[in-house]
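Engineer: First, the structure itself, so that you have it in front of you.
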Amino acid sequence: MPELPEVETVAADLRPHLVRRVIERCEVRHPAVVRHPEPVLFVNGVTGRRIERLTRRGKYILCHLDTAELLVVHLGMTGQLRYVQPDAPLLTHTHAIFSLDNGAELRYRDIRRFGRLLFGTEADLVAARKLPRLGPEPIDPEFKARDLQDRLRGRRAPVKALLLDQSIVAGVGNIYADESLFRARVRPDRAAGELSRPAVIRLHDALRESLLTGIRNRGSSVDDYVDAWGEKGRQQEELLVYGRAGEPCVNCGRPLSLVRIGGRSTVFCRRCQR
DNA sequence: TTAAATTCCTGTAAGC
DNA sequence: TGCTTACAGGAATTTA
C-alpha cells in the first residue's frame with residue numbers, strides 16, 4: 001500500500017510532467033472519491049487551472065495551482081495516479097480523469113476507494129478537517145532522534161501504534177513501521193514512552209534507513225501499488241519482516257511472530273526485538 | 001488528552 | 001465448481 005516511499009515515487013515521477021500543465025478538463029466518474037468540496041465545485045475548481053508546483057507531505061500529493069489553491073490526492077490503500085496518453089485502455093475502478101493541455105491524461109484509479117481527492121486552499125482544507133495536522137517528515141535531515149523522543153515521551157501506547165499515527169511522524173504505514181522496528185531491534189508492543197534513549201536513536205535511524213531504502217527501490221508493491229507508469233516497485237523483495245510471518249528471521253532464523261497491535265497485523269522477531 | 005474500537009470498500013484466498 | 005467467510009488496512013469517526 002502507498003506509504004511515504006511509494007507516494008514520494010509517484011510524486012517525483014509526475015512532477016516533471018505535470019508542472020506548468022493546465023488541467024483543461026476533469027471528469028469525475030465516481031463522485032464518492034471527491035471528499036471536498038462537492039464534486040461539481042471540485043470539477044469547476046480545478047478546470048482551467050495551471051499546476052505550478054507538485055509536492056508531497058506525508059502520504060499526500062499536493063498539486064499547487066495558479067490560484068493558490070491545492071488539488072490534493074491521497075492514495076489510501078489501493079489508489080493509483082497514472083500519467084497516460086488518452087488512447088490508453090481505461091482500467092476498471094478509474095474514478096477521475098484530468099485532461100491536460102499537452103494531450104496527456106492524469107488518471108486516478110482506486111479499487112477499494114479508501115483514497116480521496118480534495119480541492120481548496122490549505123487553510124480551507126485544514127479548517128474543514130480534510131487535511132490533518134501532520135507530524136514532521138521523517139526523512140527530513142532536520143528531523144532528529146531528539147524530536148522523535150519528544151513526541152514519544154509520556155505515551156503509554158505501543159510504539160508501533162504511534163509510528164502509524166500521522167500526527168507523530170508523517171508518512172509511516174504498516175510496512176515501514178514493522179521494518180523500522182525490526183532494524184532498530186525494538187519490540188513493537190513496547191510502551192513508546194518507556195523506550196531507552198539508545199532505543200529511540202536506533203528507531204530514528206532505522207526509520208530513515210527503511211524509508212530511504214524504500215524510495216531508492218521505488219516503493220513496495222505488496223498489494224496494488226504501482227508508480228505513475230503502472231510499474232511495480234522492487235522494495236517488496238527486500239522486506240525483512242512485513243508479510244513474512246512464520247518465515248525465518250533473517251538475523252537469527254527463528255520463525256517470525258504475528259500479532260495485532262493498534263488493530264494492525266504486526267510481524268516481528270521475539271528474539272531479536274526486545 | 002489519550003487509547004481503543006468501529007467504519008468504509010473490494011479483491012483474494014481459504015474452507016466447505 | 002460455487003458459495004460463504006475472513007482478511008488486508010489509512011484515517012475519519014466514535015466511544016470510553
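Residue numbering restarts at 1 for every chain of the C-alpha cells, chains are lettered A, B, ... in their displayed order, and ligands are numbered from 1 as they appear.
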Provide as an MDAnalysis selection string the residues of chain C at most 9 Å from chain A, counting only C-alpha atoms (C1' of nucleotides).
Structural biologist: chainID C and resid 8:11
Engineer: Residues of chain B that have any atom at most 10 Å from an atom of chain A: could you tabulate them with the shortest-distance atom pair and the distance in Å to one decimal, using only C-alpha atoms (C1' of nucleotides), ordered by chain and increasing number, as a Markdown table?
Structural biologist:
```
| residue | atom | partner | partner_atom | distance |
| --- | --- | --- | --- | --- |
| B:DT2 | C1' | A:Arg155 | CA | 8.4 |
| B:DA3 | C1' | A:Ala157 | CA | 7.0 |
| B:DA4 | C1' | A:Gly262 | CA | 7.6 |
| B:DA5 | C1' | A:Gly263 | CA | 8.6 |
| B:DC8 | C1' | A:Phe114 | CA | 7.3 |
| B:DC9 | C1' | A:Arg112 | CA | 4.6 |
| B:DT10 | C1' | A:Arg112 | CA | 5.2 |
| B:DG11 | C1' | A:Ile111 | CA | 8.3 |
```
Engineer: Mind writing the picked residues with N, CA and C atoms (P, O5', C5', C4', C3', O3' and C1' of nucleotides) as a CSV table (one decimal), in the first residue's frame?
Structural biologist:
```csv
chain,number,residue,atom,x,y,z
B,2,DT,P,-2.0,13.8,24.2
B,2,DT,O5',-2.6,12.3,24.5
B,2,DT,C5',-2.5,11.8,25.8
B,2,DT,C4',-3.2,10.5,25.8
B,2,DT,C3',-2.8,9.5,24.7
B,2,DT,O3',-2.3,8.3,25.4
B,2,DT,C1',-5.2,9.6,25.1
B,3,DA,P,-1.6,7.2,24.5
B,3,DA,O5',-2.8,6.2,24.3
B,3,DA,C5',-3.4,5.6,25.5
B,3,DA,C4',-4.5,4.7,25.1
B,3,DA,C3',-4.2,3.8,23.9
B,3,DA,O3',-4.6,2.5,24.3
B,3,DA,C1',-6.2,5.0,23.5
B,4,DA,P,-4.3,1.2,23.4
B,4,DA,O5',-5.7,0.7,23.0
B,4,DA,C5',-6.7,0.6,24.0
B,4,DA,C4',-8.1,0.5,23.4
B,4,DA,C3',-8.1,-0.5,22.2
B,4,DA,O3',-9.2,-1.4,22.4
B,4,DA,C1',-9.0,1.6,21.5
B,5,DA,P,-9.5,-2.6,21.4
B,5,DA,O5',-10.9,-2.2,20.7
B,5,DA,C5',-12.0,-1.7,21.5
B,5,DA,C4',-13.0,-1.1,20.6
B,5,DA,C3',-13.4,-2.0,19.4
B,5,DA,O3',-14.8,-2.1,19.3
B,5,DA,C1',-12.8,0.2,18.6
B,8,DC,P,-20.1,1.1,7.3
B,8,DC,O5',-19.1,1.6,6.1
B,8,DC,C5',-19.0,3.0,5.9
B,8,DC,C4',-17.8,3.3,5.1
B,8,DC,C3',-17.7,2.4,3.8
B,8,DC,O3',-17.8,3.3,2.7
B,8,DC,C1',-15.6,2.5,5.0
B,9,DC,P,-18.6,2.7,1.4
B,9,DC,O5',-17.6,1.6,0.8
B,9,DC,C5',-16.7,2.0,-0.2
B,9,DC,C4',-15.7,0.8,-0.5
B,9,DC,C3',-16.4,-0.4,-1.0
B,9,DC,O3',-16.4,-0.3,-2.4
B,9,DC,C1',-14.5,-0.9,0.5
B,10,DT,P,-17.1,-1.5,-3.3
B,10,DT,O5',-15.9,-2.5,-3.6
B,10,DT,C5',-14.8,-2.0,-4.3
B,10,DT,C4',-13.7,-3.1,-4.3
B,10,DT,C3',-14.1,-4.4,-5.0
B,10,DT,O3',-13.1,-4.8,-5.8
B,10,DT,C1',-13.3,-4.8,-2.8
B,11,DG,P,-13.4,-5.9,-7.0
B,11,DG,O5',-12.0,-6.7,-6.8
B,11,DG,C5',-10.8,-6.0,-6.7
B,11,DG,C4',-9.8,-6.9,-6.1
B,11,DG,C3',-9.7,-8.3,-6.6
B,11,DG,O3',-8.3,-8.7,-6.7
B,11,DG,C1',-10.2,-8.4,-4.3
```
Engineer: Can you tell me, as a ChimeraX atom specification, what residues are no more than 8 Å from Gln149 (chain A) when counting only C-alpha atoms (C1' of nucleotides), ignoring any on the same chain fewer than 3 positions away?
Structural biologist: /A:145-146,152-153,197,200
Engineer: Write out as a list in words all residues of region 69-199 of chain A that backbone DSSP assigns to strand (DSSP E).
Structural biologist: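 Those in region 69-199 of chain A that DSSP calls strand (DSSP E) are Leu70, Leu71, Val72, Val73, His74, Gly79, Gln80, Leu81, Arg82, Tyr83, Val84, Thr94, His95, Ala96, Ile97, Phe98, Ser99, Leu100, Glu105, Leu106, Arg107, Tyr108, Arg109, Asp110, Arg116, Leu117, Leu118, Phe119 and Gly120 of chain A.
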Engineer: With C-alpha atoms kept, could you save the residues just selected as a compact mmCIF listing (two decimals), in the first residue's frame?
Structural biologist:
```
# COMPACT_ATOMS: atom_id res chain seq x y z
CA LEU A 70 -4.46 22.89 -3.95
CA LEU A 71 -5.52 19.75 -5.75
CA VAL A 72 -4.80 17.09 -3.16
CA VAL A 73 -4.60 13.34 -3.72
CA HIS A 74 -4.38 10.68 -1.02
CA GLY A 79 -5.05 4.33 -5.08
CA GLN A 80 -3.07 4.85 -8.27
CA LEU A 81 -2.23 8.06 -10.12
CA ARG A 82 -1.16 7.33 -13.65
CA TYR A 83 0.12 9.61 -16.40
CA VAL A 84 -1.12 8.17 -19.70
CA THR A 94 -10.80 4.59 -12.74
CA HIS A 95 -12.68 7.26 -10.78
CA ALA A 96 -11.34 10.54 -12.13
CA ILE A 97 -9.61 11.72 -15.30
CA PHE A 98 -7.75 15.02 -15.64
CA SER A 99 -7.08 16.01 -19.27
CA LEU A 100 -4.01 18.17 -19.71
CA GLU A 105 -4.19 12.46 -19.05
CA LEU A 106 -3.75 12.01 -15.33
CA ARG A 107 -6.00 9.17 -14.19
CA TYR A 108 -6.97 8.34 -10.63
CA ARG A 109 -7.78 4.68 -10.03
CA ASP A 110 -8.67 3.15 -6.66
CA ARG A 116 -9.54 10.71 -1.67
CA LEU A 117 -9.41 13.81 -3.84
CA LEU A 118 -9.57 17.29 -2.32
CA PHE A 119 -9.60 20.84 -3.63
CA GLY A 120 -9.22 24.14 -1.81
```
Engineer: Tell me which protein, DNA and RNA residues are within 10 Å of DT5 (chain C), counting only C-alpha atoms (C1' of nucleotides), leaving out same-chain ones fewer than 2 positions away, and put them as a PyMOL selection string.
Structural biologist: (chain B and resi 14-15) or (chain C and resi 3+7)
Engineer: If you count only C-alpha atoms (C1' of nucleotides), which residues fall within 8 Å of Asp13 (chain A), apart from same-chain ones fewer than 4 positions away, as a ChimeraX atom specification?
Structural biologist: /A:9,17,227-228
Engineer: If you measure from CA of Glu6 (chain A) to CA of Val226 (chain A), what distance in Å do you get, rounded to one decimal?
Structural biologist: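 The value is 8.2 Å.
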Engineer: Run DSSP on the backbone of this structure and report the residues of region 14-212 of chain A it assigns to helix (DSSP H, G or I), as a PyMOL selection string.
Structural biologist: chain A and resi 14-18+31-33+39-46+122-127+145-152+159-164+174-184+192-194+197-212
Engineer: State, in Å with one decimal place, the distance from CA of Thr213 (chain A) to CA of Glu179 (chain A).
Structural biologist: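 If I compute the distance from CA of Thr213 (chain A) to CA of Glu179 (chain A), I get 10.9 Å.
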Engineer: When you draw a straight line from CA of Val267 (chain A) to C1' of DT7 (chain B), how long is it in Å?
Structural biologist: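 For CA of Val267 (chain A) relative to C1' of DT7 (chain B), the distance reads 24.5 Å.
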